[in-house]
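Here's data-v2.cif, which has mmCIF, C-alpha atoms and all ligand atoms:
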data_query
loop_
_atom_site.group_PDB
_atom_site.id
_atom_site.type_symbol
_atom_site.label_atom_id
_atom_site.label_comp_id
_atom_site.auth_asym_id
_atom_site.auth_seq_id
_atom_site.Cartn_x
_atom_site.Cartn_y
_atom_site.Cartn_z
ATOM 1 C CA MET X 1 -51.100 65.297 -11.624
ATOM 2 C CA SER X 2 -50.073 66.150 -15.173
ATOM 3 C CA PHE X 3 -52.689 66.896 -17.811
ATOM 4 C CA VAL X 4 -51.969 63.721 -19.794
ATOM 5 C CA VAL X 5 -50.705 60.640 -17.974
ATOM 6 C CA ALA X 6 -49.850 57.264 -19.523
ATOM 7 C CA ARG X 7 -49.334 54.545 -16.924
ATOM 8 C CA ASP X 8 -47.792 51.177 -17.801
ATOM 9 C CA LEU X 9 -49.389 51.517 -21.212
ATOM 10 C CA SER X 10 -49.174 48.250 -23.158
ATOM 11 C CA ARG X 11 -50.570 46.827 -26.356
ATOM 12 C CA THR X 12 -50.173 43.313 -27.669
ATOM 13 C CA PHE X 13 -51.211 42.259 -31.171
ATOM 14 C CA ASN X 14 -52.164 38.682 -31.845
ATOM 15 C CA LEU X 15 -50.453 37.635 -35.069
ATOM 16 C CA SER X 16 -51.349 33.959 -34.727
ATOM 17 C CA ASP X 17 -52.937 31.891 -37.441
ATOM 18 C CA PRO X 18 -56.537 30.876 -36.780
ATOM 19 C CA TRP X 19 -56.906 28.158 -34.163
ATOM 20 C CA ILE X 20 -57.659 25.357 -36.630
ATOM 21 C CA VAL X 21 -54.574 26.196 -38.743
ATOM 22 C CA ARG X 22 -52.411 26.199 -35.628
ATOM 23 C CA LYS X 23 -53.734 22.773 -34.636
ATOM 24 C CA LEU X 24 -52.947 21.373 -38.070
ATOM 25 C CA THR X 25 -49.532 22.954 -38.461
ATOM 26 C CA MET X 26 -48.572 22.749 -34.760
ATOM 27 C CA ARG X 27 -47.375 26.328 -34.983
ATOM 28 C CA PRO X 28 -47.447 28.215 -31.661
ATOM 29 C CA LYS X 29 -49.398 31.374 -30.947
ATOM 30 C CA ARG X 30 -47.563 34.511 -32.029
ATOM 31 C CA LEU X 31 -48.029 37.631 -29.924
ATOM 32 C CA LEU X 32 -46.352 40.932 -30.686
ATOM 33 C CA LYS X 33 -45.798 43.344 -27.825
ATOM 34 C CA ALA X 34 -45.956 46.578 -29.815
ATOM 35 C CA VAL X 35 -46.037 48.781 -26.688
ATOM 36 C CA ASP X 36 -44.587 47.525 -23.433
ATOM 37 C CA ALA X 37 -45.397 49.231 -20.107
ATOM 38 C CA VAL X 38 -44.770 52.788 -21.279
ATOM 39 C CA ASN X 39 -45.023 55.673 -18.796
ATOM 40 C CA PHE X 40 -45.041 59.377 -19.582
ATOM 41 C CA GLU X 41 -46.684 62.585 -18.423
ATOM 42 C CA ILE X 42 -47.419 65.776 -20.346
ATOM 43 C CA GLU X 43 -47.920 69.092 -18.607
ATOM 44 C CA ARG X 44 -50.756 71.272 -19.855
ATOM 45 C CA GLY X 45 -49.713 73.599 -22.671
ATOM 46 C CA THR X 46 -46.462 71.770 -23.396
ATOM 47 C CA THR X 47 -45.241 69.418 -26.107
ATOM 48 C CA TYR X 48 -44.061 65.902 -25.444
ATOM 49 C CA ALA X 49 -42.380 64.131 -28.332
ATOM 50 C CA LEU X 50 -42.132 60.414 -28.870
ATOM 51 C CA VAL X 51 -39.311 59.464 -31.200
ATOM 52 C CA GLY X 52 -38.233 56.084 -32.469
ATOM 53 C CA GLU X 53 -37.627 54.123 -35.622
ATOM 54 C CA SER X 54 -40.324 52.652 -37.807
ATOM 55 C CA GLY X 55 -42.202 49.935 -35.957
ATOM 56 C CA SER X 56 -41.180 51.133 -32.493
ATOM 57 C CA GLY X 57 -44.819 51.559 -31.460
ATOM 58 C CA LYS X 58 -45.339 55.301 -31.890
ATOM 59 C CA SER X 59 -48.609 55.183 -33.808
ATOM 60 C CA THR X 60 -49.911 52.441 -31.560
ATOM 61 C CA ILE X 61 -49.448 54.771 -28.596
ATOM 62 C CA ALA X 62 -51.032 57.666 -30.513
ATOM 63 C CA ASN X 63 -54.055 55.542 -31.352
ATOM 64 C CA MET X 64 -54.484 54.543 -27.720
ATOM 65 C CA VAL X 65 -54.201 58.117 -26.449
ATOM 66 C CA VAL X 66 -56.833 59.328 -28.887
ATOM 67 C CA GLY X 67 -59.097 56.390 -28.044
ATOM 68 C CA LEU X 68 -58.999 54.578 -31.417
ATOM 69 C CA LEU X 69 -57.336 51.522 -29.895
ATOM 70 C CA ALA X 70 -57.819 49.981 -26.462
ATOM 71 C CA PRO X 71 -54.741 49.288 -24.335
ATOM 72 C CA SER X 72 -54.047 45.633 -23.474
ATOM 73 C CA ALA X 73 -52.916 46.876 -20.082
ATOM 74 C CA GLY X 74 -52.256 50.159 -18.335
ATOM 75 C CA SER X 75 -54.164 53.407 -18.588
ATOM 76 C CA ILE X 76 -54.368 56.887 -20.064
ATOM 77 C CA THR X 77 -55.671 59.732 -17.973
ATOM 78 C CA ILE X 78 -56.581 63.128 -19.388
ATOM 79 C CA ASP X 79 -57.232 65.923 -16.919
ATOM 80 C CA GLY X 80 -57.812 63.335 -14.186
ATOM 81 C CA GLN X 81 -60.279 61.259 -16.251
ATOM 82 C CA ASN X 82 -59.363 57.706 -17.195
ATOM 83 C CA LEU X 83 -60.081 57.114 -20.912
ATOM 84 C CA GLY X 84 -60.969 53.489 -20.236
ATOM 85 C CA ASP X 85 -63.297 54.186 -17.328
ATOM 86 C CA ALA X 86 -66.165 51.784 -17.978
ATOM 87 C CA SER X 87 -68.488 53.626 -15.617
ATOM 88 C CA MET X 88 -68.502 56.707 -17.841
ATOM 89 C CA SER X 89 -71.754 57.350 -19.698
ATOM 90 C CA ARG X 90 -71.683 57.630 -23.498
ATOM 91 C CA GLN X 91 -72.174 61.342 -23.133
ATOM 92 C CA GLU X 92 -69.231 61.710 -20.784
ATOM 93 C CA GLN X 93 -67.094 59.608 -23.117
ATOM 94 C CA GLN X 94 -68.010 61.801 -26.052
ATOM 95 C CA ARG X 95 -67.234 64.903 -24.051
ATOM 96 C CA LEU X 96 -63.795 63.542 -23.210
ATOM 97 C CA ARG X 97 -63.166 62.425 -26.818
ATOM 98 C CA ARG X 98 -63.875 65.906 -28.084
ATOM 99 C CA ARG X 99 -61.031 67.264 -25.984
ATOM 100 C CA ILE X 100 -58.446 65.031 -27.700
ATOM 101 C CA GLN X 101 -57.937 65.311 -31.443
ATOM 102 C CA MET X 102 -55.443 63.886 -33.887
ATOM 103 C CA VAL X 103 -53.556 65.163 -36.917
ATOM 104 C CA PHE X 104 -52.355 62.309 -39.109
ATOM 105 C CA GLN X 105 -49.255 61.850 -41.208
ATOM 106 C CA SER X 106 -50.832 61.815 -44.606
ATOM 107 C CA PRO X 107 -52.972 64.812 -45.485
ATOM 108 C CA TYR X 108 -53.857 62.898 -48.680
ATOM 109 C CA ALA X 109 -55.459 59.939 -46.964
ATOM 110 C CA SER X 110 -57.017 61.613 -43.948
ATOM 111 C CA LEU X 111 -59.377 64.031 -45.722
ATOM 112 C CA ASN X 112 -62.479 62.737 -47.457
ATOM 113 C CA PRO X 113 -61.889 63.619 -51.145
ATOM 114 C CA ARG X 114 -65.621 63.886 -51.879
ATOM 115 C CA TRP X 115 -66.313 66.514 -49.262
ATOM 116 C CA ARG X 116 -65.830 70.224 -49.620
ATOM 117 C CA VAL X 117 -63.523 71.785 -47.053
ATOM 118 C CA GLY X 118 -66.433 73.612 -45.449
ATOM 119 C CA ASP X 119 -68.229 70.305 -44.825
ATOM 120 C CA ILE X 120 -65.042 68.649 -43.536
ATOM 121 C CA LEU X 121 -64.636 71.451 -41.001
ATOM 122 C CA SER X 122 -68.252 71.709 -39.916
ATOM 123 C CA GLU X 123 -68.697 67.947 -39.399
ATOM 124 C CA PRO X 124 -67.098 67.968 -35.903
ATOM 125 C CA MET X 125 -69.271 70.954 -34.953
ATOM 126 C CA ARG X 126 -72.358 68.882 -35.752
ATOM 127 C CA ALA X 127 -71.034 65.620 -34.290
ATOM 128 C CA PHE X 128 -70.189 67.234 -30.972
ATOM 129 C CA LYS X 129 -73.145 69.652 -31.124
ATOM 130 C CA LEU X 130 -70.826 72.621 -30.716
ATOM 131 C CA ILE X 131 -72.388 75.116 -33.100
ATOM 132 C CA ASP X 132 -75.961 75.119 -34.342
ATOM 133 C CA GLY X 133 -77.259 76.570 -37.572
ATOM 134 C CA ALA X 134 -75.758 76.874 -41.032
ATOM 135 C CA THR X 135 -74.862 80.558 -40.736
ATOM 136 C CA ALA X 136 -73.028 80.161 -37.454
ATOM 137 C CA GLN X 137 -71.202 77.113 -38.800
ATOM 138 C CA ARG X 138 -70.132 78.979 -41.934
ATOM 139 C CA LYS X 139 -68.779 81.784 -39.795
ATOM 140 C CA ARG X 140 -66.842 79.336 -37.658
ATOM 141 C CA VAL X 141 -65.442 77.591 -40.771
ATOM 142 C CA ALA X 142 -64.183 80.948 -42.040
ATOM 143 C CA GLN X 143 -62.576 81.632 -38.673
ATOM 144 C CA LEU X 144 -60.857 78.229 -38.622
ATOM 145 C CA LEU X 145 -59.525 78.681 -42.154
ATOM 146 C CA GLU X 146 -58.135 82.046 -41.205
ATOM 147 C CA GLN X 147 -56.507 80.594 -38.066
ATOM 148 C CA VAL X 148 -54.541 78.100 -40.150
ATOM 149 C CA GLY X 149 -53.528 80.622 -42.802
ATOM 150 C CA LEU X 150 -56.092 79.756 -45.477
ATOM 151 C CA SER X 151 -58.906 81.924 -46.777
ATOM 152 C CA ASP X 152 -62.655 82.044 -46.470
ATOM 153 C CA SER X 153 -63.135 81.126 -50.139
ATOM 154 C CA ASP X 154 -61.295 77.807 -49.631
ATOM 155 C CA ALA X 155 -64.396 76.435 -47.888
ATOM 156 C CA SER X 156 -66.066 75.586 -51.195
ATOM 157 C CA LYS X 157 -63.061 73.708 -52.621
ATOM 158 C CA PHE X 158 -62.239 70.016 -52.496
ATOM 159 C CA PRO X 159 -59.087 68.570 -50.862
ATOM 160 C CA HIS X 160 -57.460 67.737 -54.224
ATOM 161 C CA GLU X 161 -57.373 71.427 -55.095
ATOM 162 C CA PHE X 162 -54.751 72.056 -52.401
ATOM 163 C CA SER X 163 -51.025 71.398 -52.014
ATOM 164 C CA GLY X 164 -49.733 68.957 -49.386
ATOM 165 C CA GLY X 165 -48.911 71.721 -46.929
ATOM 166 C CA GLN X 166 -52.308 73.362 -47.407
ATOM 167 C CA ARG X 167 -54.011 70.018 -46.924
ATOM 168 C CA GLN X 168 -52.175 69.547 -43.649
ATOM 169 C CA ARG X 169 -53.467 73.000 -42.649
ATOM 170 C CA ILE X 170 -56.983 71.757 -43.366
ATOM 171 C CA SER X 171 -56.331 68.702 -41.163
ATOM 172 C CA ILE X 172 -55.194 71.017 -38.394
ATOM 173 C CA ALA X 173 -58.287 73.199 -38.845
ATOM 174 C CA ARG X 174 -60.466 70.094 -38.628
ATOM 175 C CA ALA X 175 -58.787 69.124 -35.357
ATOM 176 C CA LEU X 176 -59.317 72.678 -34.044
ATOM 177 C CA ALA X 177 -62.990 72.574 -35.008
ATOM 178 C CA SER X 178 -63.680 70.387 -31.956
ATOM 179 C CA GLN X 179 -62.071 72.970 -29.665
ATOM 180 C CA PRO X 180 -59.639 70.376 -28.310
ATOM 181 C CA GLU X 181 -57.210 70.743 -25.446
ATOM 182 C CA VAL X 182 -54.882 67.935 -26.510
ATOM 183 C CA ILE X 183 -53.730 67.314 -30.080
ATOM 184 C CA ILE X 184 -51.846 64.192 -31.081
ATOM 185 C CA CYS X 185 -49.654 64.865 -34.100
ATOM 186 C CA ASP X 186 -48.515 61.608 -35.712
ATOM 187 C CA GLU X 187 -45.717 62.519 -38.153
ATOM 188 C CA PRO X 188 -47.681 65.612 -39.230
ATOM 189 C CA THR X 189 -44.954 66.931 -41.514
ATOM 190 C CA SER X 190 -43.047 63.884 -42.715
ATOM 191 C CA ALA X 191 -44.876 63.806 -46.050
ATOM 192 C CA LEU X 192 -43.972 67.447 -46.749
ATOM 193 C CA ASP X 193 -40.991 69.269 -48.265
ATOM 194 C CA VAL X 194 -38.573 70.712 -45.711
ATOM 195 C CA SER X 195 -39.558 74.350 -46.336
ATOM 196 C CA VAL X 196 -43.257 73.553 -46.051
ATOM 197 C CA GLN X 197 -42.499 71.425 -42.986
ATOM 198 C CA ALA X 198 -41.125 74.475 -41.174
ATOM 199 C CA GLN X 199 -44.237 76.519 -41.986
ATOM 200 C CA VAL X 200 -46.563 73.852 -40.634
ATOM 201 C CA LEU X 201 -44.444 73.429 -37.479
ATOM 202 C CA ASN X 202 -44.539 77.193 -36.932
ATOM 203 C CA LEU X 203 -48.303 77.165 -37.354
ATOM 204 C CA LEU X 204 -48.621 74.386 -34.763
ATOM 205 C CA LYS X 205 -46.430 76.351 -32.389
ATOM 206 C CA SER X 206 -48.387 79.568 -32.707
ATOM 207 C CA LEU X 207 -51.699 77.715 -32.283
ATOM 208 C CA GLN X 208 -50.314 76.108 -29.151
ATOM 209 C CA LYS X 209 -49.533 79.519 -27.727
ATOM 210 C CA GLU X 210 -52.862 81.004 -28.755
ATOM 211 C CA PHE X 211 -55.052 78.202 -27.386
ATOM 212 C CA GLY X 212 -52.854 76.726 -24.648
ATOM 213 C CA LEU X 213 -52.843 73.376 -26.471
ATOM 214 C CA THR X 214 -51.083 70.292 -25.179
ATOM 215 C CA TYR X 215 -49.283 68.281 -27.866
ATOM 216 C CA LEU X 216 -48.171 64.701 -28.116
ATOM 217 C CA PHE X 217 -45.853 64.915 -31.074
ATOM 218 C CA ILE X 218 -44.778 61.751 -32.826
ATOM 219 C CA THR X 219 -41.921 61.511 -35.265
ATOM 220 C CA HIS X 220 -38.847 59.560 -36.317
ATOM 221 C CA ASP X 221 -37.155 62.866 -37.128
ATOM 222 C CA LEU X 222 -35.149 64.392 -34.277
ATOM 223 C CA ALA X 223 -34.568 67.630 -36.180
ATOM 224 C CA VAL X 224 -38.319 68.243 -36.129
ATOM 225 C CA VAL X 225 -38.721 67.738 -32.375
ATOM 226 C CA SER X 226 -35.735 69.896 -31.456
ATOM 227 C CA THR X 227 -37.806 72.961 -32.271
ATOM 228 C CA MET X 228 -41.165 71.653 -31.091
ATOM 229 C CA ALA X 229 -40.801 69.620 -27.922
ATOM 230 C CA ASN X 230 -40.278 70.486 -24.277
ATOM 231 C CA LYS X 231 -39.599 66.877 -23.420
ATOM 232 C CA ILE X 232 -38.667 63.841 -25.498
ATOM 233 C CA GLY X 233 -39.271 60.162 -24.909
ATOM 234 C CA VAL X 234 -37.296 57.649 -26.952
ATOM 235 C CA LEU X 235 -39.048 54.445 -27.976
ATOM 236 C CA ASN X 236 -37.210 51.298 -28.956
ATOM 237 C CA GLN X 237 -39.285 48.244 -29.867
ATOM 238 C CA GLY X 238 -42.192 49.306 -27.723
ATOM 239 C CA VAL X 239 -40.115 50.245 -24.695
ATOM 240 C CA LEU X 240 -39.493 53.820 -23.556
ATOM 241 C CA VAL X 241 -35.733 53.633 -23.123
ATOM 242 C CA GLU X 242 -34.972 57.244 -22.259
ATOM 243 C CA GLU X 243 -36.726 60.491 -21.408
ATOM 244 C CA GLN X 244 -35.206 63.953 -20.995
ATOM 245 C CA ASP X 245 -35.931 67.627 -21.514
ATOM 246 C CA THR X 246 -35.265 68.397 -25.179
ATOM 247 C CA GLU X 247 -31.998 70.283 -24.850
ATOM 248 C CA ASP X 248 -30.589 67.758 -22.352
ATOM 249 C CA LEU X 249 -31.410 64.865 -24.630
ATOM 250 C CA PHE X 250 -29.489 66.475 -27.467
ATOM 251 C CA THR X 251 -26.487 67.463 -25.350
ATOM 252 C CA THR X 252 -26.255 64.495 -22.955
ATOM 253 C CA PRO X 253 -28.048 61.449 -24.350
ATOM 254 C CA ARG X 254 -27.777 58.472 -21.995
ATOM 255 C CA GLU X 255 -28.713 55.452 -24.065
ATOM 256 C CA ASP X 256 -26.769 54.030 -26.988
ATOM 257 C CA TYR X 257 -30.010 53.808 -28.941
ATOM 258 C CA THR X 258 -30.592 57.559 -28.470
ATOM 259 C CA LYS X 259 -27.009 58.299 -29.512
ATOM 260 C CA MET X 260 -27.556 56.223 -32.628
ATOM 261 C CA LEU X 261 -30.719 58.198 -33.492
ATOM 262 C CA LEU X 262 -28.889 61.471 -32.870
ATOM 263 C CA SER X 263 -25.929 60.509 -35.024
ATOM 264 C CA SER X 264 -28.220 59.940 -37.977
ATOM 265 C CA ALA X 265 -30.025 63.283 -37.517
ATOM 266 C CA PRO X 266 -28.713 66.560 -38.960
ATOM 267 C CA LYS X 267 -26.773 68.746 -36.518
ATOM 268 C CA ILE X 268 -28.929 70.996 -34.379
ATOM 269 C CA ASP X 269 -27.668 74.258 -32.930
ATOM 270 C CA PHE X 270 -29.572 75.365 -29.850
ATOM 271 C CA ASP X 271 -27.971 78.826 -29.690
ATOM 272 C CA SER X 272 -29.267 80.021 -33.026
HETATM 273 N N1 LIG R 1 -53.346 46.447 -36.080
HETATM 274 C C1 LIG R 1 -52.171 45.795 -35.985
HETATM 275 N N2 LIG R 1 -52.112 44.447 -36.050
HETATM 276 C C2 LIG R 1 -50.934 43.806 -35.944
HETATM 277 N N3 LIG R 1 -49.758 44.407 -35.743
HETATM 278 C C3 LIG R 1 -49.734 45.746 -35.672
HETATM 279 C C4 LIG R 1 -50.938 46.516 -35.784
HETATM 280 N N4 LIG R 1 -50.617 47.834 -35.672
HETATM 281 C C5 LIG R 1 -49.285 47.880 -35.501
HETATM 282 N N5 LIG R 1 -48.740 46.631 -35.488
HETATM 283 C C6 LIG R 1 -47.319 46.298 -35.289
HETATM 284 O O1 LIG R 1 -46.897 46.927 -34.086
HETATM 285 C C7 LIG R 1 -45.577 47.452 -34.237
HETATM 286 C C8 LIG R 1 -45.588 48.942 -33.964
HETATM 287 O O2 LIG R 1 -46.281 49.595 -35.014
HETATM 288 P P1 LIG R 1 -46.533 51.163 -35.055
HETATM 289 O O3 LIG R 1 -47.378 51.444 -36.222
HETATM 290 O O4 LIG R 1 -47.010 51.613 -33.738
HETATM 291 O O5 LIG R 1 -45.058 51.705 -35.288
HETATM 292 P P2 LIG R 1 -44.567 53.198 -35.598
HETATM 293 O O6 LIG R 1 -43.501 53.504 -34.599
HETATM 294 O O7 LIG R 1 -45.714 54.118 -35.687
HETATM 295 O O8 LIG R 1 -43.872 53.014 -37.030
HETATM 296 P P3 LIG R 1 -43.806 54.067 -38.279
HETATM 297 O O9 LIG R 1 -42.696 55.030 -37.950
HETATM 298 O O10 LIG R 1 -43.432 53.172 -39.428
HETATM 299 O O11 LIG R 1 -45.124 54.711 -38.427
HETATM 300 C C9 LIG R 1 -45.120 47.075 -35.633
HETATM 301 O O12 LIG R 1 -44.368 45.895 -35.549
HETATM 302 C C10 LIG R 1 -46.415 46.841 -36.369
HETATM 303 O O13 LIG R 1 -46.242 45.904 -37.398
HETATM 304 MG MG MG R 2 -46.518 55.319 -37.246
#

Using structure tokens, write down the structure from this file.
Ligand SMILES: Nc1ncnc2c1ncn2[C@@H]1O[C@H](COP(=O)(O)OP(=O)(O)OP(=O)(O)O)[C@@H](O)[C@H]1O
Ligand SMILES: [Mg+2]
Amino acid sequence: MSFVVARDLSRTFNLSDPWIVRKLTMRPKRLLKAVDAVNFEIERGTTYALVGESGSGKSTIANMVVGLLAPSAGSITIDGQNLGDASMSRQEQQRLRRRIQMVFQSPYASLNPRWRVGDILSEPMRAFKLIDGATAQRKRVAQLLEQVGLSDSDASKFPHEFSGGQRQRISIARALASQPEVIICDEPTSALDVSVQAQVLNLLKSLQKEFGLTYLFITHDLAVVSTMANKIGVLNQGVLVEEQDTEDLFTTPREDYTKMLLSSAPKIDFDS
């Protein structure tokens, strides 16, 4: 079995008015199927990309894989353990949660502006009881900062003192602080300039190699996944319409929807 397995993953949102309003206005219930029976598998140490237009259900899937949102149906299994297994103790759940971390799109919104970087990075160590004692935590913070290309002295600064790219490095360091095996990247570079984007993607790639990380990489930007992903799944209105190895998807797309996405992406040369 693959390291990460999504089986018939579905999520419905109830957009209905409250019951009493519906009775008065005679309006029917409105349900939105944001994710509809999606299946994919990710091998350990590889990157699986989900691409699709805005509203196709990418973040909804990300939130379910990381455990922030419960599926309406279907399941997610990580290393053979079902995330929704009700028989798991709180401790077991926490242990599983630690192994899956997320890097969000906006490095501006996802870091607490009132916390110093050192506190942001040591919080997961305390929450998951990974490293005890202030000295050991400080040492680990310095190590994390170095791993993402920042410096020891950055620990005492606040998020607003950094550029967008540096802030995304801090988000990555915070994810690494939990010593995860799976990282979900939801549009991690779409708020950044193209040159900075490339640096952050390269950092993610070298961290993957160093720590054997498994990535679920989410983006609307096919140019980004061409360099990152081993396999790509294409989402259209909550349905996974096509899945292929990266190079095959670019050279021989099957679905019209995929061809449409490709035609609006910049040309990608696999030989360079
Ligand atoms: N909490 C929610 N309540 C109601 N509807 C929601 C909720 N979250 C998402 N949706 C709807 O589900 C659909 C999928 O949203 P989702 O955020 O997963 O899309 P996305 O592919 O991540 O889009 P984007 O590229 O814009 O981030 C959209 O129609 C959205 O409006
Ligand atoms: Mg999204």

#### Entry: Nearby residues, ligand MG 2 (chain R), 12 Å, only C-alpha atoms and all ligand atoms, as a VMD selection string
chain X and resid 34 50 to 63 104 to 106 185 to 188 190 217 to 220 235

### Task
Return the single residue from X:Gln237, X:Thr25, X:Asn112, X:Thr214 that is closest to ligand LIG 1 (chain R), with distances computed using only C-alpha atoms and all ligand atoms.
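Residue with the minimum atom-to-atom distance to ligand LIG 1 (chain R): X:Gln237.
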
### Message
Can you tell me which residues surround segment 64-81 of chain X at a distance of at most 8 Å, considering all atoms listed in the file, apart from same-chain residues fewer than 2 positions away, and format the answer as a list of chain:residue names?
### Response
X:Met1, X:Ser2, X:Phe3, X:Val4, X:Val5, X:Ala6, X:Arg7, X:Asp8, X:Leu9, X:Ser10, X:Arg11, X:Thr12, X:Ala37, X:Thr60, X:Ile61, X:Ala62, X:Leu83, X:Gly84, X:Asp85, X:Arg97, X:Ile100, X:Gln101, X:Met102, X:Ile184

### Task
Can you work out the spacing between atom C10 of ligand LIG 1 (chain R) and atom CA of Val234 of chain X in Å, to one decimal?
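Atom CA of Val234 of chain X lies 17.0 Å from atom C10 of ligand LIG 1 (chain R).
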
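Restricting the calculation to only C-alpha atoms, the smallest distance between Asp152 of chain X and any of X:Lys139, X:Val182, X:Gly165, X:Phe40 is found for X:Lys139.
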
### Message
Which residue is closest to Phe158 of chain X? Choose from X:Glu92, X:Asp36, X:Asp119, X:Glu181 and count all atoms listed in the file.
### Response
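Using all atoms listed in the file, Phe158 of chain X sits closest to X:Asp119.
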
### Message
Here is a test: counting only C-alpha atoms and all ligand atoms, which residue of X:Leu121, X:Leu32, X:Arg116, X:Asp17 is nearest to ligand LIG 1 (chain R)?
### Response
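When distances to ligand LIG 1 (chain R) are compared using only C-alpha atoms and all ligand atoms, the smallest one comes from X:Leu32.
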
Enclose all atoms of segment 25-28 of chain X listed in the file in an axis-aligned box, grow every side by 3 Å, and hand back centre and edge lengths in Å to one decimal, as JSON.
{"center_x": -48.5, "center_y": 25.5, "center_z": -35.1, "size_x": 8.2, "size_y": 11.5, "size_z": 12.8}

### Message
What's around segment 167-179 of chain X at 6 Å? Count all atoms listed in the file, leave out sequence neighbours fewer than 4 positions away in its own chain, and write the answer as a PyMOL selection string.
### Response
chain X and resi 98+101+107+121+124+144+148+162

### Message
Using Å and a single decimal, report how far atom CA of Gly212 of chain X sits from atom CA of Thr251 of chain X.
### Response
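So the two atoms, atom CA of Thr251 of chain X and atom CA of Gly212 of chain X, lie 28.0 Å apart.
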
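Residues selected in this file by the PyMOL selection byres (((chain X and resi 45) around 12) and not hetatm) comprise Ser2, Phe3, Val4, Ile42, Glu43, Arg44, Thr46, Thr47, Tyr48, Pro180, Glu181, Val182, Ile183, Lys205, Ser206, Leu207, Gln208, Lys209, Glu210, Phe211, Gly212, Leu213, Thr214, Tyr215, Leu216, Ala229 and Asn230 of chain X.
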
### Query
So how far away is atom CA of Met228 of chain X from atom CA of Ala49 of chain X, in Å?
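Spanning atom CA of Ala49 of chain X to atom CA of Met228 of chain X is a straight-line distance of 8.1 Å.
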
### Query
Smallest atom-to-atom distance to Ala265 of chain X: which of X:Ala134, X:Leu222, X:Val241, X:Leu249, using all atoms listed in the file?
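Checking each candidate against Ala265 of chain X, we get X:Leu222 as the closest.
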
### Task
Given the file shown, determine the residues that the PyMOL selection byres (((chain X and resi 114) around 12) and not hetatm) selects; report them as a PyMOL selection string.
chain X and resi 109-113+115-120+156-161

### Task
Using all atoms listed in the file, pick whichever of X:Ala127, X:Val141, X:Gln94, X:Val200 has the shortest atom-to-atom distance to Ser153 of chain X.
X:Val141
